[in-house]
file start_31.csv (CSV, C-alpha atoms)
chain,number,residue,atom,x,y,z
A,1,MET,CA,-9.8,-9.4,60.8
A,2,PRO,CA,-9.5,-8.3,57.1
A,3,ARG,CA,-6.7,-5.9,56.3
A,4,PRO,CA,-7.9,-2.3,56.1
A,5,CYS,CA,-8.5,-1.1,52.6
A,6,LYS,CA,-5.8,1.4,51.5
A,7,ARG,CA,-7.2,4.7,50.4
A,8,ARG,CA,-6.7,5.6,46.8
A,9,ARG,CA,-5.6,9.0,45.7
A,10,VAL,CA,-8.0,11.0,43.5
A,11,SER,CA,-7.8,14.5,42.0
A,12,ALA,CA,-11.4,15.7,41.7
A,13,PRO,CA,-15.0,14.5,41.8
A,14,PRO,CA,-16.9,13.7,38.6
A,15,GLY,CA,-19.0,16.6,37.2
A,16,CYS,CA,-22.0,14.3,37.2
A,17,CYS,CA,-22.6,11.4,39.6
A,18,ARG,CA,-25.8,9.9,38.1
A,19,PHE,CA,-26.5,8.6,34.6
A,20,GLY,CA,-29.7,6.9,33.4
A,21,PRO,CA,-31.0,5.5,30.1
A,22,LYS,CA,-33.9,7.2,28.2
A,23,GLY,CA,-36.8,5.3,26.7
A,24,CYS,CA,-36.5,2.3,29.1
A,25,PRO,CA,-39.1,1.1,31.6
A,26,GLU,CA,-38.7,2.7,35.1
A,27,GLY,CA,-37.9,0.6,38.1
A,28,ARG,CA,-34.8,-1.2,36.8
A,29,PRO,CA,-32.1,-1.7,39.5
A,30,SER,CA,-29.2,0.7,39.5
A,31,ILE,CA,-25.5,0.0,39.4
A,32,LEU,CA,-23.2,1.6,41.9
A,33,MET,CA,-19.7,2.5,40.6
A,34,THR,CA,-17.3,3.3,43.4
A,35,LEU,CA,-15.0,6.3,43.0
A,36,ASP,CA,-11.8,4.5,42.4
A,37,GLU,CA,-13.5,2.5,39.7
A,38,TYR,CA,-14.5,5.8,38.1
A,39,GLU,CA,-10.9,7.1,38.5
A,40,THR,CA,-9.4,4.1,36.6
A,41,ILE,CA,-11.8,4.7,33.7
A,42,ARG,CA,-10.9,8.4,33.7
A,43,LEU,CA,-7.2,7.9,33.8
A,44,ILE,CA,-6.9,4.9,31.5
A,45,ASP,CA,-9.6,5.5,28.9
A,46,LEU,CA,-9.8,9.3,28.9
A,47,CYS,CA,-6.3,10.4,29.9
A,48,GLY,CA,-4.5,7.6,28.1
A,49,LEU,CA,-2.4,6.5,31.1
A,50,SER,CA,-1.0,3.0,31.3
A,51,GLN,CA,-2.1,0.8,34.2
A,52,ALA,CA,1.4,1.3,35.7
A,53,GLU,CA,1.1,5.1,35.5
A,54,THR,CA,-2.4,4.9,36.9
A,55,ALA,CA,-1.3,2.8,39.8
A,56,GLU,CA,1.5,5.3,40.6
A,57,GLN,CA,-0.9,8.2,40.5
A,58,MET,CA,-3.5,6.5,42.7
A,59,GLY,CA,-0.9,5.1,45.2
A,60,VAL,CA,-1.8,1.4,44.8
A,61,ALA,CA,-0.3,-1.7,43.2
A,62,ARG,CA,-0.7,-2.3,39.5
A,63,ALA,CA,-2.6,-5.5,40.2
A,64,THR,CA,-5.0,-3.5,42.3
A,65,VAL,CA,-5.6,-1.1,39.4
A,66,GLN,CA,-6.1,-4.0,37.0
A,67,ALA,CA,-8.8,-5.5,39.2
A,68,ILE,CA,-10.6,-2.2,39.8
A,69,TYR,CA,-10.5,-1.3,36.1
A,70,THR,CA,-11.9,-4.7,35.2
A,71,ASP,CA,-14.8,-4.2,37.6
A,72,ALA,CA,-15.5,-0.7,36.3
A,73,ARG,CA,-15.6,-1.8,32.7
A,74,ARG,CA,-18.0,-4.7,33.6
A,75,LYS,CA,-20.3,-2.2,35.4
A,76,LEU,CA,-20.3,0.1,32.4
A,77,ALA,CA,-21.2,-2.9,30.1
A,78,GLN,CA,-24.1,-3.8,32.5
A,79,CYS,CA,-25.5,-0.3,32.3
A,80,ILE,CA,-25.3,-0.1,28.5
A,81,VAL,CA,-26.5,-3.6,27.7
A,82,ASN,CA,-29.2,-3.9,30.3
A,83,GLY,CA,-30.4,-0.3,30.3
A,84,MET,CA,-29.5,0.4,34.0
A,85,GLU,CA,-28.9,3.6,35.9
A,86,LEU,CA,-25.3,4.3,36.9
A,87,ILE,CA,-24.5,6.0,40.2
A,88,ILE,CA,-20.9,7.1,41.1
A,89,SER,CA,-20.5,7.5,44.8
A,90,GLY,CA,-18.6,6.5,48.0
A,91,GLY,CA,-15.4,4.7,48.9
A,92,ASP,CA,-12.2,4.9,50.9
A,93,TYR,CA,-10.2,7.6,49.2
A,94,GLU,CA,-8.2,10.8,49.7
A,95,PHE,CA,-7.7,13.8,47.5
A,96,CYS,CA,-4.3,14.7,46.1
A,97,PRO,CA,-2.6,17.6,48.0
A,98,GLY,CA,-4.2,20.8,47.0
A,99,ALA,CA,-7.4,19.2,45.6
A,100,SER,CA,-10.8,20.5,46.6
A,101,PRO,CA,-13.0,18.5,49.0
A,102,LEU,CA,-15.5,16.2,47.5
A,103,GLN,CA,-18.7,18.1,46.7
A,104,THR,CA,-21.5,16.4,44.7
A,105,GLU,CA,-24.9,17.7,43.8
A,106,ARG,CA,-26.3,15.8,46.8
A,107,ASN,CA,-24.2,17.8,49.3
A,108,ASP,CA,-25.7,21.1,48.1
A,109,LYS,CA,-29.3,20.2,49.0
A,110,PRO,CA,-31.1,18.8,52.0
A,111,MET,CA,-31.0,15.0,52.4
A,112,LYS,CA,-32.8,12.6,54.6
A,113,ILE,CA,-30.7,9.5,55.3
A,114,ALA,CA,-32.2,6.3,56.8
A,115,VAL,CA,-30.1,3.7,58.5
A,116,THR,CA,-31.1,0.2,59.5
A,117,TYR,CA,-30.6,0.5,63.3
A,118,ASP,CA,-30.2,-1.8,66.3
A,119,ASP,CA,-30.5,-1.1,70.0
A,120,ASN,CA,-26.7,-0.7,70.3
A,121,GLY,CA,-26.4,2.1,67.8
A,122,GLN,CA,-25.0,-0.2,65.1
A,123,VAL,CA,-26.1,-0.7,61.4
A,124,PHE,CA,-28.6,-3.6,61.6
A,125,GLN,CA,-27.5,-6.3,59.2
A,126,HIS,CA,-30.7,-7.7,57.7
A,127,PHE,CA,-32.9,-5.1,55.9
A,128,GLY,CA,-36.0,-7.2,55.7
A,129,HIS,CA,-36.1,-7.9,59.5
A,130,CYS,CA,-35.0,-4.4,60.6
A,131,PRO,CA,-37.1,-3.5,63.7
A,132,GLN,CA,-36.3,0.3,63.5
A,133,PHE,CA,-34.6,2.9,61.4
A,134,LYS,CA,-32.7,6.0,62.4
A,135,PHE,CA,-33.5,9.0,60.2
A,136,TYR,CA,-31.0,11.9,59.8
A,137,ASP,CA,-31.9,15.3,58.4
A,138,VAL,CA,-28.8,16.6,56.6
A,139,GLU,CA,-28.1,20.0,55.0
A,140,GLY,CA,-25.0,21.8,54.0
A,141,GLY,CA,-22.9,18.7,54.9
A,142,LYS,CA,-24.1,18.7,58.5
A,143,ILE,CA,-26.5,16.6,60.5
A,144,LEU,CA,-29.3,18.9,61.7
A,145,SER,CA,-31.4,16.3,63.6
A,146,ALA,CA,-31.9,12.6,64.0
A,147,GLU,CA,-34.7,10.3,65.3
A,148,VAL,CA,-35.3,6.6,65.7
A,149,VAL,CA,-38.6,5.3,64.3
A,150,SER,CA,-40.0,1.8,64.7
A,151,ALA,CA,-40.6,-0.1,61.5
A,152,GLY,CA,-43.8,-1.5,63.0
A,153,GLY,CA,-43.3,-5.0,61.8
A,154,SER,CA,-43.1,-4.0,58.1
A,155,GLY,CA,-41.6,-6.8,55.9
A,156,HIS,CA,-39.3,-6.7,52.9
A,157,GLY,CA,-42.0,-5.5,50.5
A,158,ALA,CA,-43.4,-2.7,52.6
A,159,LEU,CA,-40.2,-1.2,53.9
A,160,ALA,CA,-39.5,0.8,50.8
A,161,GLY,CA,-42.9,2.5,51.1
A,162,PHE,CA,-42.2,3.0,54.8
A,163,LEU,CA,-38.9,4.8,54.1
A,164,LYS,CA,-40.5,6.9,51.4
A,165,ALA,CA,-43.4,7.9,53.6
A,166,HIS,CA,-40.8,9.2,56.1
A,167,GLY,CA,-39.1,11.3,53.5
A,168,ALA,CA,-35.9,9.2,53.1
A,169,ASP,CA,-34.0,9.6,49.9
A,170,THR,CA,-30.9,7.6,50.9
A,171,LEU,CA,-30.5,4.3,52.8
A,172,ILE,CA,-27.5,2.8,54.5
A,173,CYS,CA,-27.8,-0.8,55.5
A,174,GLY,CA,-26.1,-4.2,55.9
A,175,GLY,CA,-27.5,-7.2,54.0
A,176,ILE,CA,-30.4,-6.7,51.5
A,177,GLY,CA,-32.0,-8.9,48.9
A,178,GLY,CA,-32.6,-8.3,45.2
A,179,GLY,CA,-36.3,-7.7,45.5
A,180,ALA,CA,-35.8,-5.0,48.1
A,181,ARG,CA,-33.2,-3.3,46.0
A,182,THR,CA,-35.7,-3.1,43.1
A,183,ALA,CA,-38.4,-1.6,45.4
A,184,LEU,CA,-35.9,1.0,46.7
A,185,SER,CA,-34.9,1.9,43.2
A,186,GLN,CA,-38.6,2.3,42.2
A,187,ALA,CA,-39.1,4.6,45.2
A,188,GLY,CA,-36.1,6.8,44.2
A,189,ILE,CA,-34.0,5.9,47.2
A,190,THR,CA,-30.3,5.7,46.8
A,191,LEU,CA,-28.8,2.6,48.4
A,192,TYR,CA,-25.5,2.0,50.2
A,193,PRO,CA,-25.4,-1.7,51.3
A,194,GLY,CA,-22.8,-3.8,53.0
A,195,VAL,CA,-22.1,-1.3,55.7
A,196,VAL,CA,-21.0,-2.4,59.2
A,197,GLY,CA,-20.3,-0.5,62.4
A,198,ASP,CA,-21.7,2.6,64.2
A,199,ALA,CA,-24.7,4.2,62.5
A,200,ASP,CA,-23.8,7.8,63.3
A,201,GLN,CA,-20.3,7.3,62.1
A,202,ALA,CA,-21.6,5.7,58.8
A,203,VAL,CA,-23.8,8.8,58.1
A,204,GLN,CA,-20.9,11.2,58.8
A,205,ALA,CA,-18.7,9.2,56.5
A,206,LEU,CA,-21.3,9.3,53.8
A,207,ILE,CA,-21.6,13.1,54.2
A,208,SER,CA,-17.8,13.5,54.0
A,209,GLY,CA,-17.6,11.2,51.0
A,210,GLY,CA,-15.6,8.4,52.7
A,211,LEU,CA,-18.2,5.7,53.4
A,212,SER,CA,-17.0,2.1,53.0
A,213,PHE,CA,-19.8,0.0,51.5
A,214,ASN,CA,-20.2,-3.0,49.2
A,215,PRO,CA,-22.4,-2.0,46.2
A,216,ASP,CA,-22.7,-5.6,45.0
A,217,PHE,CA,-23.6,-7.2,48.3
A,218,VAL,CA,-26.8,-9.2,48.2
A,219,CYS,CA,-28.3,-11.1,51.2
A,220,ASP,CA,-29.3,-14.6,50.3
A,221,HIS,CA,-31.3,-15.2,53.4
A,222,HIS,CA,-35.0,-14.5,53.6
A,223,GLY,CA,-36.0,-14.9,57.2
A,224,GLU,CA,-34.5,-18.2,58.3
A,225,GLY,CA,-32.7,-17.7,61.6
A,226,HIS,CA,-32.9,-13.9,61.6
A,227,HIS,CA,-34.4,-12.5,64.8
A,228,GLY,CA,-33.8,-9.4,66.8
A,229,GLY,CA,-30.4,-7.9,66.3
A,230,GLU,CA,-29.0,-11.0,64.6
A,231,GLY,CA,-27.0,-10.2,61.5
A,232,CYS,CA,-27.2,-11.8,58.1
A,233,GLY,CA,-24.0,-13.8,57.7
A,234,HIS,CA,-20.8,-12.0,57.9
A,235,HIS,CA,-20.8,-8.6,56.2
A,236,GLU,CA,-17.9,-6.3,55.6
A,237,GLY,CA,-17.8,-2.8,54.2
A,238,GLY,CA,-16.6,-2.7,50.7
A,239,CYS,CA,-13.4,-0.9,49.7
A,240,GLY,CA,-14.1,2.5,48.3
A,241,HIS,CA,-12.9,4.3,45.3
A,242,HIS,CA,-11.9,7.6,43.9
A,243,GLU,CA,-12.2,10.2,41.3
A,244,GLY,CA,-10.1,12.9,39.8
A,245,GLY,CA,-8.8,15.0,36.9
A,246,CYS,CA,-6.0,14.6,34.4
A,247,GLY,CA,-3.4,16.8,33.0
A,248,GLU,CA,-2.5,19.6,35.5
A,249,HIS,CA,-5.0,18.2,37.9
A,250,GLY,CA,-3.2,14.9,38.3
A,251,CYS,CA,-1.3,14.2,41.5
A,252,HIS,CA,2.1,12.7,41.9
A,253,GLN,CA,4.4,11.9,44.7

call {"tool": "encode", "arguments": {"input": "start_31.csv", "output": "structure tokens"}}
result
Amino acid sequence: MPRPCKRRRVSAPPGCCRFGPKGCPEGRPSILMTLDEYETIRLIDLCGLSQAETAEQMGVARATVQAIYTDARRKLAQCIVNGMELIISGGDYEFCPGASPLQTERNDKPMKIAVTYDDNGQVFQHFGHCPQFKFYDVEGGKILSAEVVSAGGSGHGALAGFLKAHGADTLICGGIGGGARTALSQAGITLYPGVVGDADQAVQALISGGLSFNPDFVCDHHGEGHHGGEGCGHHEGGCGHHEGGCGEHGCHQ
């Protein structure tokens, strides 16, 4: 088994979690920046900390900070050069002592979260062949109701419309292809791919701001050998990331 991802320390959530270009055609895929990636940008580029100081504040090794920071800068470049939307969300993190719990704009309004769902209550691992979805009505950071709905044999291209028709604004899933990502983006559905494990626990983790997912995960299979509850290769949740403030809001041991 892979070693569990160490939670990074963060000070506060970003004031805005979603950024998009103006004057560009709609329907372009979005980029997900995890919260620890955001935190390295904030601490290094805004607050002027060195990588060593950033590593000490976040409670990780300097090499880890360097890798996270490199990924964050690459994602910013992709958004600027390719005119893509940037979403900051999710990750394995913990707040510094005395910091406020994570509250984003999505926590303050009702959400309808869809999860690819198998008969054992796990996150189904191939979006395009998902036989059913579990829909969760969430408000005020709590699950109000949930129901399992058959996908009715809908394929890759139709599933985004199926989810939108059922009011979903967020999707948690395992493997998913590039075409489906684009369709979900056009439907205005926020995507959290590369998730494994119990579906109910995944939704609770998303609500609390601690969902482990892999924003860059793309499924390369398109139907060959995928039947029933069979997964798409080996998928692991991505390590999450964190956000925070500088100056008096920084945290230190």

call {"tool": "closest_residue", "arguments": {"input": "start_31.csv", "among": "A:Ala151, A:Val10, A:Met111, A:Ile31", "to": "Ala72 in chain A", "atoms": "only C-alpha atoms"}}
result
A:Ile31

call {"tool": "closest_residue", "arguments": {"input": "start_31.csv", "among": "A:Leu86, A:Ala160, A:Ser145, A:Gly59", "to": "Gly179 in chain A", "atoms": "all atoms listed in the file"}}
result
A:Ala160

call {"tool": "closest_residue", "arguments": {"input": "start_31.csv", "among": "A:Lys112, A:Arg9, A:Arg181, A:Lys134", "to": "Leu32 in chain A", "atoms": "all atoms listed in the file"}}
result
A:Arg181

call {"tool": "residues_around", "arguments": {"input": "start_31.csv", "residues": "Pro215 in chain A", "least_positions_apart": "5", "cutoff": "9 Å", "atoms": "all atoms listed in the file", "output": "number ranges by chain"}}
result
A: 31-34, 191-194, 238

call {"tool": "residues_around", "arguments": {"input": "start_31.csv", "residues": "range 73-76 of chain A", "least_positions_apart": "5", "cutoff": "12 Å", "atoms": "only C-alpha atoms", "output": "VMD selection string"}}
result
chain A and resid 19 to 20 30 to 34 37 to 42 44 to 45 66 to 68 81 to 88 215 to 216

call {"tool": "atom_distance", "arguments": {"input": "start_31.csv", "atom1": "CA of Val203 in chain A", "atom2": "CA of Gly177 in chain A"}}
result
21.6 Å
